[in-house]
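run14.cif (mmCIF, C-alpha atoms)
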data_upload
#
loop_
_atom_site.group_PDB
_atom_site.id
_atom_site.type_symbol
_atom_site.label_atom_id
_atom_site.label_comp_id
_atom_site.auth_asym_id
_atom_site.auth_seq_id
_atom_site.Cartn_x
_atom_site.Cartn_y
_atom_site.Cartn_z
ATOM 1 C CA MET A 203 48.441 7.139 -18.120
ATOM 2 C CA PHE A 204 45.901 4.394 -17.957
ATOM 3 C CA PRO A 205 43.430 4.251 -15.047
ATOM 4 C CA VAL A 206 44.281 1.662 -12.408
ATOM 5 C CA GLU A 207 40.600 1.149 -11.624
ATOM 6 C CA ARG A 208 38.457 0.331 -14.634
ATOM 7 C CA LEU A 209 34.913 0.064 -13.313
ATOM 8 C CA ARG A 210 33.680 -0.842 -16.778
ATOM 9 C CA ARG A 211 35.116 -4.315 -16.131
ATOM 10 C CA TYR A 212 32.050 -4.914 -13.911
ATOM 11 C CA ARG A 213 29.762 -4.046 -16.852
ATOM 12 C CA LEU A 214 31.414 -6.094 -19.595
ATOM 13 C CA ASN A 215 28.415 -8.304 -20.375
ATOM 14 C CA GLY A 216 25.095 -9.390 -18.938
ATOM 15 C CA ASN A 217 26.466 -12.292 -16.917
ATOM 16 C CA ILE A 218 29.151 -10.120 -15.324
ATOM 17 C CA ARG A 219 26.644 -7.342 -14.615
ATOM 18 C CA ASN A 220 24.304 -9.811 -12.903
ATOM 19 C CA MET A 221 27.153 -11.125 -10.767
ATOM 20 C CA PHE A 222 27.915 -7.689 -9.345
ATOM 21 C CA ARG A 223 24.359 -6.368 -9.139
ATOM 22 C CA GLU A 224 23.888 -4.746 -5.746
ATOM 23 C CA THR A 225 20.087 -4.413 -5.638
ATOM 24 C CA SER A 226 17.540 -6.986 -6.733
ATOM 25 C CA ILE A 227 13.754 -7.208 -6.636
ATOM 26 C CA ASN A 228 12.569 -10.133 -4.545
ATOM 27 C CA PRO A 229 9.021 -11.119 -5.622
ATOM 28 C CA ASP A 230 8.338 -12.248 -2.048
ATOM 29 C CA LYS A 231 8.645 -8.595 -1.000
ATOM 30 C CA LEU A 232 6.039 -7.265 -3.444
ATOM 31 C CA ILE A 233 2.435 -6.684 -2.354
ATOM 32 C CA MET A 234 -0.397 -6.564 -4.910
ATOM 33 C CA PRO A 235 -3.356 -4.267 -4.155
ATOM 34 C CA VAL A 236 -6.778 -5.772 -4.888
ATOM 35 C CA PHE A 237 -10.117 -3.911 -5.045
ATOM 36 C CA VAL A 238 -13.223 -5.913 -4.128
ATOM 37 C CA ASP A 239 -16.596 -4.251 -4.637
ATOM 38 C CA GLU A 240 -19.804 -5.350 -2.920
ATOM 39 C CA THR A 241 -21.903 -3.698 -5.646
ATOM 40 C CA GLU A 242 -20.014 -5.247 -8.563
ATOM 41 C CA LYS A 243 -21.532 -8.100 -10.592
ATOM 42 C CA SER A 244 -18.355 -9.178 -12.359
ATOM 43 C CA LYS A 245 -15.250 -7.049 -12.790
ATOM 44 C CA THR A 246 -14.833 -3.535 -14.088
ATOM 45 C CA ALA A 247 -11.745 -1.908 -15.533
ATOM 46 C CA ILE A 248 -10.530 1.197 -13.701
ATOM 47 C CA LYS A 249 -10.047 3.613 -16.577
ATOM 48 C CA SER A 250 -7.458 5.760 -14.805
ATOM 49 C CA MET A 251 -5.372 2.684 -13.878
ATOM 50 C CA PRO A 252 -4.725 0.559 -16.987
ATOM 51 C CA GLY A 253 -4.793 -3.146 -16.237
ATOM 52 C CA ILE A 254 -6.362 -2.770 -12.768
ATOM 53 C CA TYR A 255 -9.945 -3.817 -11.955
ATOM 54 C CA ARG A 256 -12.639 -3.726 -9.335
ATOM 55 C CA TYR A 257 -13.825 -7.286 -8.635
ATOM 56 C CA SER A 258 -17.059 -8.781 -7.393
ATOM 57 C CA LEU A 259 -16.461 -11.283 -4.608
ATOM 58 C CA PRO A 260 -16.710 -14.349 -6.925
ATOM 59 C CA GLU A 261 -14.363 -12.727 -9.467
ATOM 60 C CA TYR A 262 -12.002 -11.694 -6.651
ATOM 61 C CA GLU A 263 -11.860 -15.308 -5.523
ATOM 62 C CA LYS A 264 -10.842 -16.413 -9.013
ATOM 63 C CA TYR A 265 -8.329 -13.594 -9.257
ATOM 64 C CA ILE A 266 -6.503 -14.265 -6.002
ATOM 65 C CA MET A 267 -6.143 -17.933 -6.928
ATOM 66 C CA HIS A 268 -4.616 -16.777 -10.220
ATOM 67 C CA LEU A 269 -2.239 -14.515 -8.297
ATOM 68 C CA GLU A 270 -1.122 -17.423 -6.146
ATOM 69 C CA GLU A 271 -0.632 -19.628 -9.211
ATOM 70 C CA ILE A 272 1.759 -17.145 -10.837
ATOM 71 C CA GLY A 273 3.772 -16.744 -7.627
ATOM 72 C CA VAL A 274 2.341 -13.683 -5.891
ATOM 73 C CA LYS A 275 2.750 -14.106 -2.125
ATOM 74 C CA ASN A 276 1.097 -10.997 -0.686
ATOM 75 C CA ILE A 277 -2.076 -8.977 -1.269
ATOM 76 C CA ILE A 278 -3.561 -5.876 0.330
ATOM 77 C CA ILE A 279 -7.344 -5.623 0.142
ATOM 78 C CA PHE A 280 -9.387 -2.461 -0.419
ATOM 79 C CA GLY A 281 -13.172 -2.734 -0.181
ATOM 80 C CA ILE A 282 -16.056 -0.803 -1.663
ATOM 81 C CA PRO A 283 -19.254 -1.419 0.359
ATOM 82 C CA ALA A 284 -22.860 -1.309 -0.773
ATOM 83 C CA LYS A 285 -23.778 1.016 2.101
ATOM 84 C CA LYS A 286 -22.072 4.225 3.235
ATOM 85 C CA ASP A 287 -22.968 6.467 6.162
ATOM 86 C CA SER A 288 -21.534 9.275 8.253
ATOM 87 C CA CYS A 289 -19.613 6.947 10.578
ATOM 88 C CA GLY A 290 -18.529 4.254 8.125
ATOM 89 C CA THR A 291 -20.301 1.495 10.025
ATOM 90 C CA SER A 292 -19.914 -0.958 7.138
ATOM 91 C CA SER A 293 -16.187 -0.984 7.878
ATOM 92 C CA TYR A 294 -16.647 -3.204 10.942
ATOM 93 C CA ASP A 295 -19.571 -5.298 9.698
ATOM 94 C CA ARG A 296 -18.554 -8.916 10.312
ATOM 95 C CA ASN A 297 -20.251 -9.786 7.031
ATOM 96 C CA GLY A 298 -18.712 -6.815 5.229
ATOM 97 C CA ILE A 299 -17.020 -7.045 1.869
ATOM 98 C CA VAL A 300 -13.454 -6.872 3.205
ATOM 99 C CA GLN A 301 -14.182 -9.334 5.986
ATOM 100 C CA ARG A 302 -15.573 -11.824 3.447
ATOM 101 C CA ALA A 303 -12.620 -11.200 1.138
ATOM 102 C CA ILE A 304 -10.174 -11.887 3.970
ATOM 103 C CA SER A 305 -11.951 -15.117 4.921
ATOM 104 C CA SER A 306 -11.956 -16.280 1.322
ATOM 105 C CA ALA A 307 -8.256 -15.554 0.865
ATOM 106 C CA LYS A 308 -7.324 -17.441 4.022
ATOM 107 C CA LYS A 309 -9.606 -20.381 3.174
ATOM 108 C CA ASN A 310 -8.686 -20.769 -0.484
ATOM 109 C CA THR A 311 -5.065 -19.596 -0.737
ATOM 110 C CA SER A 312 -1.852 -19.336 1.249
ATOM 111 C CA LEU A 313 -1.445 -15.644 0.424
ATOM 112 C CA ASN A 314 -0.282 -13.290 3.126
ATOM 113 C CA THR A 315 -3.408 -11.193 3.490
ATOM 114 C CA ILE A 316 -3.254 -7.539 4.495
ATOM 115 C CA ALA A 317 -6.305 -5.301 4.858
ATOM 116 C CA ASP A 318 -6.187 -1.547 4.457
ATOM 117 C CA LEU A 319 -7.866 -0.013 7.503
ATOM 118 C CA CYS A 320 -9.543 3.341 6.974
ATOM 119 C CA LEU A 321 -13.000 4.885 6.619
ATOM 120 C CA CYS A 322 -12.753 6.847 3.362
ATOM 121 C CA GLU A 323 -14.371 4.038 1.343
ATOM 122 C CA TYR A 324 -17.145 3.659 3.947
ATOM 123 C CA THR A 325 -18.203 7.217 4.831
ATOM 124 C CA ASP A 326 -20.668 9.202 2.767
ATOM 125 C CA THR A 327 -18.302 12.185 3.118
ATOM 126 C CA GLY A 328 -15.328 10.342 1.602
ATOM 127 C CA HIS A 329 -13.221 11.388 4.584
ATOM 128 C CA CYS A 330 -11.106 9.053 6.687
ATOM 129 C CA GLY A 331 -13.003 9.664 9.911
ATOM 130 C CA VAL A 332 -16.106 10.968 11.628
ATOM 131 C CA ILE A 333 -16.867 14.572 10.668
ATOM 132 C CA GLU A 334 -17.970 17.106 13.265
ATOM 133 C CA ASN A 335 -18.336 20.763 12.300
ATOM 134 C CA GLY A 336 -16.402 20.171 9.088
ATOM 135 C CA TYR A 337 -13.425 18.604 10.872
ATOM 136 C CA VAL A 338 -12.482 14.968 11.478
ATOM 137 C CA ASN A 339 -12.971 14.053 15.122
ATOM 138 C CA ASN A 340 -9.776 12.173 15.834
ATOM 139 C CA ASP A 341 -10.707 10.251 18.974
ATOM 140 C CA LYS A 342 -14.199 9.166 17.870
ATOM 141 C CA THR A 343 -12.580 7.857 14.705
ATOM 142 C CA LEU A 344 -10.066 5.816 16.723
ATOM 143 C CA GLU A 345 -12.893 3.913 18.387
ATOM 144 C CA ILE A 346 -14.216 2.864 14.975
ATOM 145 C CA TYR A 347 -10.721 1.922 13.765
ATOM 146 C CA GLY A 348 -10.413 -0.415 16.741
ATOM 147 C CA ARG A 349 -13.707 -2.149 15.923
ATOM 148 C CA GLU A 350 -12.679 -2.411 12.270
ATOM 149 C CA ALA A 351 -9.335 -3.977 13.178
ATOM 150 C CA VAL A 352 -10.960 -6.583 15.419
ATOM 151 C CA SER A 353 -13.468 -7.515 12.698
ATOM 152 C CA TYR A 354 -10.589 -8.040 10.254
ATOM 153 C CA ALA A 355 -8.715 -10.142 12.772
ATOM 154 C CA GLU A 356 -11.800 -12.276 13.403
ATOM 155 C CA ALA A 357 -11.954 -12.894 9.647
ATOM 156 C CA GLY A 358 -8.366 -14.176 9.762
ATOM 157 C CA VAL A 359 -6.304 -11.266 8.446
ATOM 158 C CA ASP A 360 -2.531 -11.538 8.823
ATOM 159 C CA MET A 361 -1.890 -7.810 8.971
ATOM 160 C CA VAL A 362 -3.945 -4.628 9.277
ATOM 161 C CA ALA A 363 -2.722 -1.463 7.594
ATOM 162 C CA PRO A 364 -4.180 1.707 9.147
ATOM 163 C CA SER A 365 -3.989 4.513 6.590
ATOM 164 C CA GLY A 366 -6.159 7.276 8.043
ATOM 165 C CA MET A 367 -3.338 9.293 9.658
ATOM 166 C CA MET A 368 -5.232 9.860 12.897
ATOM 167 C CA ASP A 369 -3.107 10.692 15.937
ATOM 168 C CA GLY A 370 -2.775 7.606 18.127
ATOM 169 C CA GLN A 371 -4.288 5.197 15.602
ATOM 170 C CA VAL A 372 -1.630 2.505 15.959
ATOM 171 C CA GLY A 373 -1.878 2.481 19.753
ATOM 172 C CA ALA A 374 -5.678 2.341 19.681
ATOM 173 C CA ILE A 375 -5.677 -0.513 17.182
ATOM 174 C CA ARG A 376 -2.998 -2.456 19.059
ATOM 175 C CA ASP A 377 -4.974 -2.069 22.270
ATOM 176 C CA ALA A 378 -8.218 -3.225 20.637
ATOM 177 C CA LEU A 379 -6.568 -6.235 19.026
ATOM 178 C CA ASP A 380 -4.772 -7.282 22.187
ATOM 179 C CA LYS A 381 -7.893 -6.949 24.360
ATOM 180 C CA ASP A 382 -9.714 -9.344 22.031
ATOM 181 C CA GLY A 383 -6.842 -11.836 22.035
ATOM 182 C CA PHE A 384 -5.369 -11.025 18.617
ATOM 183 C CA ILE A 385 -1.859 -10.467 19.898
ATOM 184 C CA ASN A 386 -0.273 -11.946 16.760
ATOM 185 C CA THR A 387 -2.058 -9.737 14.235
ATOM 186 C CA LEU A 388 0.576 -7.494 12.682
ATOM 187 C CA ILE A 389 0.149 -3.750 12.158
ATOM 188 C CA MET A 390 1.613 -2.157 9.044
ATOM 189 C CA ALA A 391 1.307 1.552 9.788
ATOM 190 C CA TYR A 392 0.965 4.138 7.039
ATOM 191 C CA SER A 393 3.319 6.150 9.213
ATOM 192 C CA SER A 394 4.283 9.019 6.921
ATOM 193 C CA LYS A 395 1.450 9.326 4.435
ATOM 194 C CA PHE A 396 1.649 12.617 2.617
ATOM 195 C CA ALA A 397 -1.234 14.734 1.299
ATOM 196 C CA SER A 398 -0.130 14.020 -2.248
ATOM 197 C CA ASN A 399 -1.450 14.944 -5.676
ATOM 198 C CA LEU A 400 -0.754 11.354 -6.791
ATOM 199 C CA TYR A 401 -3.829 9.653 -5.311
ATOM 200 C CA GLY A 402 -6.398 10.616 -7.946
ATOM 201 C CA PRO A 403 -6.664 7.264 -9.775
ATOM 202 C CA PHE A 404 -6.978 5.391 -6.474
ATOM 203 C CA ARG A 405 -9.952 7.527 -5.509
ATOM 204 C CA ASP A 406 -11.612 6.444 -8.750
ATOM 205 C CA ALA A 407 -10.826 2.818 -7.916
ATOM 206 C CA ALA A 408 -12.001 2.906 -4.300
ATOM 207 C CA ASP A 409 -14.856 5.411 -4.724
ATOM 208 C CA SER A 410 -13.296 7.488 -1.946
ATOM 209 C CA THR A 411 -13.089 11.057 -3.246
ATOM 210 C CA PRO A 412 -13.839 13.566 -0.432
ATOM 211 C CA GLN A 413 -17.237 15.170 -0.932
ATOM 212 C CA PHE A 414 -15.917 18.457 0.432
ATOM 213 C CA GLY A 415 -12.550 19.945 1.296
ATOM 214 C CA ASP A 416 -9.409 17.826 1.299
ATOM 215 C CA ARG A 417 -7.361 15.652 3.642
ATOM 216 C CA LYS A 418 -4.624 18.123 4.464
ATOM 217 C CA SER A 419 -5.712 18.443 8.100
ATOM 218 C CA TYR A 420 -4.680 14.839 8.747
ATOM 219 C CA GLN A 421 -2.380 13.642 5.943
ATOM 220 C CA MET A 422 1.130 15.092 6.033
ATOM 221 C CA ASP A 423 2.308 18.294 4.387
ATOM 222 C CA TYR A 424 4.670 17.128 1.649
ATOM 223 C CA HIS A 425 7.078 19.963 2.443
ATOM 224 C CA ASN A 426 7.927 18.427 5.848
ATOM 225 C CA GLY A 427 10.549 15.714 6.198
ATOM 226 C CA ASN A 428 11.404 16.083 9.882
ATOM 227 C CA GLU A 429 7.740 15.863 10.832
ATOM 228 C CA ALA A 430 7.503 12.631 8.825
ATOM 229 C CA MET A 431 10.244 11.130 10.983
ATOM 230 C CA ARG A 432 8.343 12.186 14.118
ATOM 231 C CA GLU A 433 5.227 10.440 12.798
ATOM 232 C CA ILE A 434 7.217 7.261 12.228
ATOM 233 C CA ASP A 435 8.771 7.467 15.683
ATOM 234 C CA LEU A 436 5.348 7.770 17.313
ATOM 235 C CA ASP A 437 3.992 4.769 15.406
ATOM 236 C CA ILE A 438 6.935 2.670 16.555
ATOM 237 C CA GLN A 439 6.319 3.717 20.163
ATOM 238 C CA GLU A 440 2.644 2.778 19.788
ATOM 239 C CA GLY A 441 3.452 -0.737 18.589
ATOM 240 C CA ALA A 442 3.730 -0.716 14.795
ATOM 241 C CA ASP A 443 5.322 -3.873 13.397
ATOM 242 C CA VAL A 444 5.983 -2.324 9.971
ATOM 243 C CA ILE A 445 6.366 1.361 9.114
ATOM 244 C CA MET A 446 5.596 2.939 5.751
ATOM 245 C CA VAL A 447 6.378 5.869 3.485
ATOM 246 C CA LYS A 448 3.650 6.799 0.985
ATOM 247 C CA PRO A 449 3.928 7.801 -1.881
ATOM 248 C CA ALA A 450 7.208 6.226 -2.904
ATOM 249 C CA LEU A 451 8.926 7.528 -6.044
ATOM 250 C CA PHE A 452 8.573 11.208 -5.139
ATOM 251 C CA TYR A 453 9.755 10.440 -1.583
ATOM 252 C CA LEU A 454 12.952 8.439 -1.981
ATOM 253 C CA ASP A 455 14.680 10.775 0.473
ATOM 254 C CA MET A 456 12.067 9.883 3.108
ATOM 255 C CA ILE A 457 12.555 6.174 2.443
ATOM 256 C CA TYR A 458 16.317 6.519 2.843
ATOM 257 C CA ARG A 459 16.000 8.545 6.055
ATOM 258 C CA ALA A 460 13.447 6.173 7.579
ATOM 259 C CA LYS A 461 15.674 3.177 6.932
ATOM 260 C CA GLU A 462 18.738 4.971 8.290
ATOM 261 C CA TYR A 463 16.980 6.219 11.433
ATOM 262 C CA TYR A 464 14.963 3.147 12.408
ATOM 263 C CA ASN A 465 15.896 -0.523 12.559
ATOM 264 C CA MET A 466 12.379 -1.529 11.501
ATOM 265 C CA PRO A 467 10.771 -3.339 8.570
ATOM 266 C CA LEU A 468 9.979 -0.568 6.082
ATOM 267 C CA ALA A 469 7.204 -0.691 3.488
ATOM 268 C CA THR A 470 6.675 1.787 0.685
ATOM 269 C CA TYR A 471 3.641 2.306 -1.514
ATOM 270 C CA MET A 472 4.084 3.108 -5.197
ATOM 271 C CA VAL A 473 0.716 4.808 -5.451
ATOM 272 C CA SER A 474 -1.869 4.931 -8.214
ATOM 273 C CA GLY A 475 -0.622 8.146 -9.802
ATOM 274 C CA GLU A 476 2.944 6.853 -9.958
ATOM 275 C CA TYR A 477 1.717 3.593 -11.488
ATOM 276 C CA SER A 478 -0.508 5.291 -14.059
ATOM 277 C CA MET A 479 2.176 7.762 -15.154
ATOM 278 C CA ILE A 480 4.637 4.959 -15.851
ATOM 279 C CA LYS A 481 2.067 2.592 -17.343
ATOM 280 C CA ASN A 482 0.673 5.224 -19.721
ATOM 281 C CA ALA A 483 4.155 6.344 -20.779
ATOM 282 C CA ILE A 484 5.098 2.731 -21.549
ATOM 283 C CA SER A 485 1.840 2.111 -23.440
ATOM 284 C CA SER A 486 2.356 5.217 -25.565
ATOM 285 C CA GLY A 487 5.905 4.209 -26.447
ATOM 286 C CA LEU A 488 7.472 7.182 -24.690
ATOM 287 C CA LEU A 489 9.289 4.925 -22.225
ATOM 288 C CA SER A 490 10.718 1.413 -22.376
ATOM 289 C CA PRO A 491 8.871 -1.402 -20.570
ATOM 290 C CA ASP A 492 11.986 -1.725 -18.402
ATOM 291 C CA THR A 493 11.062 1.613 -16.786
ATOM 292 C CA ALA A 494 8.754 -0.157 -14.347
ATOM 293 C CA MET A 495 11.594 -2.420 -13.201
ATOM 294 C CA GLU A 496 13.876 0.594 -12.826
ATOM 295 C CA ALA A 497 11.260 2.311 -10.665
ATOM 296 C CA LEU A 498 10.842 -0.739 -8.430
ATOM 297 C CA THR A 499 14.596 -1.125 -8.119
ATOM 298 C CA SER A 500 14.917 2.479 -6.962
ATOM 299 C CA LEU A 501 12.592 1.773 -4.039
ATOM 300 C CA PHE A 502 14.606 -1.200 -2.822
ATOM 301 C CA ARG A 503 17.878 0.647 -3.408
ATOM 302 C CA ALA A 504 16.593 3.504 -1.237
ATOM 303 C CA GLY A 505 15.895 1.094 1.633
ATOM 304 C CA SER A 506 12.443 -0.462 1.183
ATOM 305 C CA ASP A 507 11.947 -3.930 2.623
ATOM 306 C CA LEU A 508 8.433 -4.321 1.195
ATOM 307 C CA VAL A 509 6.787 -2.559 -1.743
ATOM 308 C CA ILE A 510 3.063 -2.225 -2.386
ATOM 309 C CA THR A 511 2.749 -1.819 -6.132
ATOM 310 C CA TYR A 512 0.201 -2.322 -8.895
ATOM 311 C CA PHE A 513 3.099 -3.677 -10.962
ATOM 312 C CA ALA A 514 3.467 -6.718 -8.668
ATOM 313 C CA GLU A 515 1.330 -9.060 -10.771
ATOM 314 C CA ASP A 516 3.044 -8.167 -14.061
ATOM 315 C CA TYR A 517 6.515 -8.252 -12.578
ATOM 316 C CA ILE A 518 6.060 -11.677 -11.017
ATOM 317 C CA ALA A 519 4.219 -13.142 -14.012
ATOM 318 C CA ASN A 520 6.936 -12.012 -16.378
ATOM 319 C CA HIS A 521 9.902 -12.706 -14.086
ATOM 320 C CA GLY A 522 10.885 -9.052 -14.161
ATOM 321 C CA ARG A 523 10.347 -8.496 -17.884
ATOM 322 C CA LEU A 524 7.667 -5.826 -17.637
#
Encoded form (structure tokens):
Amino acid sequence: MFPVERLRRYRLNGNIRNMFRETSINPDKLIMPVFVDETEKSKTAIKSMPGIYRYSLPEYEKYIMHLEEIGVKNIIIFGIPAKKDSCGTSSYDRNGIVQRAISSAKKNTSLNTIADLCLCEYTDTGHCGVIENGYVNNDKTLEIYGREAVSYAEAGVDMVAPSGMMDGQVGAIRDALDKDGFINTLIMAYSSKFASNLYGPFRDAADSTPQFGDRKSYQMDYHNGNEAMREIDLDIQEGADVIMVKPALFYLDMIYRAKEYYNMPLATYMVSGEYSMIKNAISSGLLSPDTAMEALTSLFRAGSDLVITYFAEDYIANHGRL
């Protein structure tokens, strides 16, 4: 007896396989993270993230023009300020490093410009909010987030991306933006951001390691999937335009559930640890260069509409041949 259905017919050769491919990576949906450092004189390699750099503002300006030239459409900016304090006041300085980076991107390129909105890079504690008695004061932090969001909008940002995981942060930011007339500034909410072990290299890049304790009192317990859906639901109610699952590769079930539950644009963030694991394994010869493409494909197959990834530049520059 021969099988009636021979699915191998769909896999006969490369042209046939491409014809029936169900999931593809659209470069327009990839977002490249960029680190701009107010204390940097040129650019510095981030040792824990091969191929990723911290840029001075002049070097950042050259870099984003390069990104546009190779076809990158979207960036998300992370800033390292010269001054840190207990309340992260540099975060809403109209002449701050992120504000200047936003203005430069909008003046010199057509890139969609997103700004991460948090305080961990700006506080001397390395925490994402104002500390009182060893604990982040949620509501005092929201006031600062609102001021930060408005300063980004004044600089011309297309989208703010609050990542601090404070209760009510999306609503507070939406209210602040709307009161100042920035009704068209989008909010990409880090809706279910887990207290993951995969953020270590990023903390090197952004100089944001907590000086005491950890972030488990505000980032999500990675054991909890139902709670993650509740977080997403609340962000939608508060006015989020885009929801997010972070990290990505270890949380494909969360991506799938979020897309199934909510008819919303869904972003995912392939974080620094996920990037570095794959990049180092490829560099050492343990894995094929195609592994990075396989990882990106898995995120879109699971339901991602947008993917923040440190592989964006390489993928787009090499037309998928990582």
Enumerate, in order of chain and increasing residue number, the residues of segment 241-287 of chain A with an atom no farther than 9 Å from segment 291-296 of chain A, each with its shortest atom pair and distance in Å to one decimal, counting all atoms listed in the file, as a Markdown table.
| residue | atom | partner | partner_atom | distance |
| --- | --- | --- | --- | --- |
| A:Gly281 | CA | A:Ser293 | CA | 8.8 |
| A:Pro283 | CA | A:Ser292 | CA | 6.8 |
| A:Ala284 | CA | A:Ser292 | CA | 8.4 |
| A:Lys285 | CA | A:Ser292 | CA | 6.6 |
| A:Lys286 | CA | A:Ser292 | CA | 6.8 |
| A:Asp287 | CA | A:Thr291 | CA | 6.8 |
Box centre and edge lengths (Å, one decimal), axis-aligned, segment 414-422 of chain A plus 3 Å each side, as AutoDock Vina command-line options:
--center_x -7.4 --center_y 16.8 --center_z 4.6 --size_x 23.0 --size_y 12.3 --size_z 14.3
>> Take the PyMOL selection byres ((chain A and resi 253) around 12), run it mentally on this structure, and tell me the resulting residues as a list in words.
In response: Val236, Lys245, Thr246, Ala247, Ile248, Lys249, Ser250, Met251, Pro252, Ile254, Tyr255, Arg256, Ala407, Ser474, Tyr477, Ser478, Lys481, Asn482, Ser485, Tyr512, Phe513, Ala514, Glu515 and Asp516 of chain A
Each residue of segment 232-347 of chain A with at least one atom at most 10 Å from segment 486-510 of chain A should appear once, together with its nearest atom pair and the corresponding distance in Å (one decimal); atoms considered: only C-alpha atoms; ordering: chain, then increasing residue number; output as a Markdown table.
| residue | atom | partner | partner_atom | distance |
| --- | --- | --- | --- | --- |
| A:Leu232 | CA | A:Val509 | CA | 5.1 |
| A:Ile233 | CA | A:Ile510 | CA | 4.5 |
| A:Met234 | CA | A:Ile510 | CA | 6.1 |
| A:Pro235 | CA | A:Ile510 | CA | 7.0 |
| A:Asn276 | CA | A:Ile510 | CA | 9.1 |
| A:Ile277 | CA | A:Ile510 | CA | 8.6 |
| A:Ile278 | CA | A:Ile510 | CA | 8.0 |
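Minimum atom-to-atom distances from A:Ala303, A:Ile518, A:Ile445, A:Met368 to Tyr354 of chain A were compared using only C-alpha atoms, and the lowest value belongs to A:Ala303.
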Atom CA of Tyr392 of chain A sits from atom CA of Tyr424 of chain A at a separation of 14.5 Å
Point-to-point distance in Å for atom CA of Asp443 of chain A and atom CA of Leu388 of chain A: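 Atom-to-atom, atom CA of Leu388 of chain A to atom CA of Asp443 of chain A, that is 6.0 Å.
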Residues picked by the PyMOL selection byres ((chain A and resi 360) around 7) here, as a compact mmCIF listing (two decimals) with C-alpha atoms, in the coordinates of the input?
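Once written, out10.txt looks like this:
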# COMPACT_ATOMS: atom_id res chain seq x y z
CA ASN A 314 -0.28 -13.29 3.13
CA THR A 315 -3.41 -11.19 3.49
CA ILE A 316 -3.25 -7.54 4.50
CA GLY A 358 -8.37 -14.18 9.76
CA VAL A 359 -6.30 -11.27 8.45
CA MET A 361 -1.89 -7.81 8.97
CA THR A 387 -2.06 -9.74 14.24
CA LEU A 388 0.58 -7.49 12.68
Margin query: Quick check, in Å to one decimal: how far apart do atom CA of Ile346 of chain A and atom CA of Ser419 of chain A lie?
Written below: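 So the answer is 19.0 Å.
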In terms of all atoms listed in the file, the residue from A:Ile266, A:Ile227, A:Ile282, A:Val274 at minimal distance from Gly298 of chain A is A:Ile282
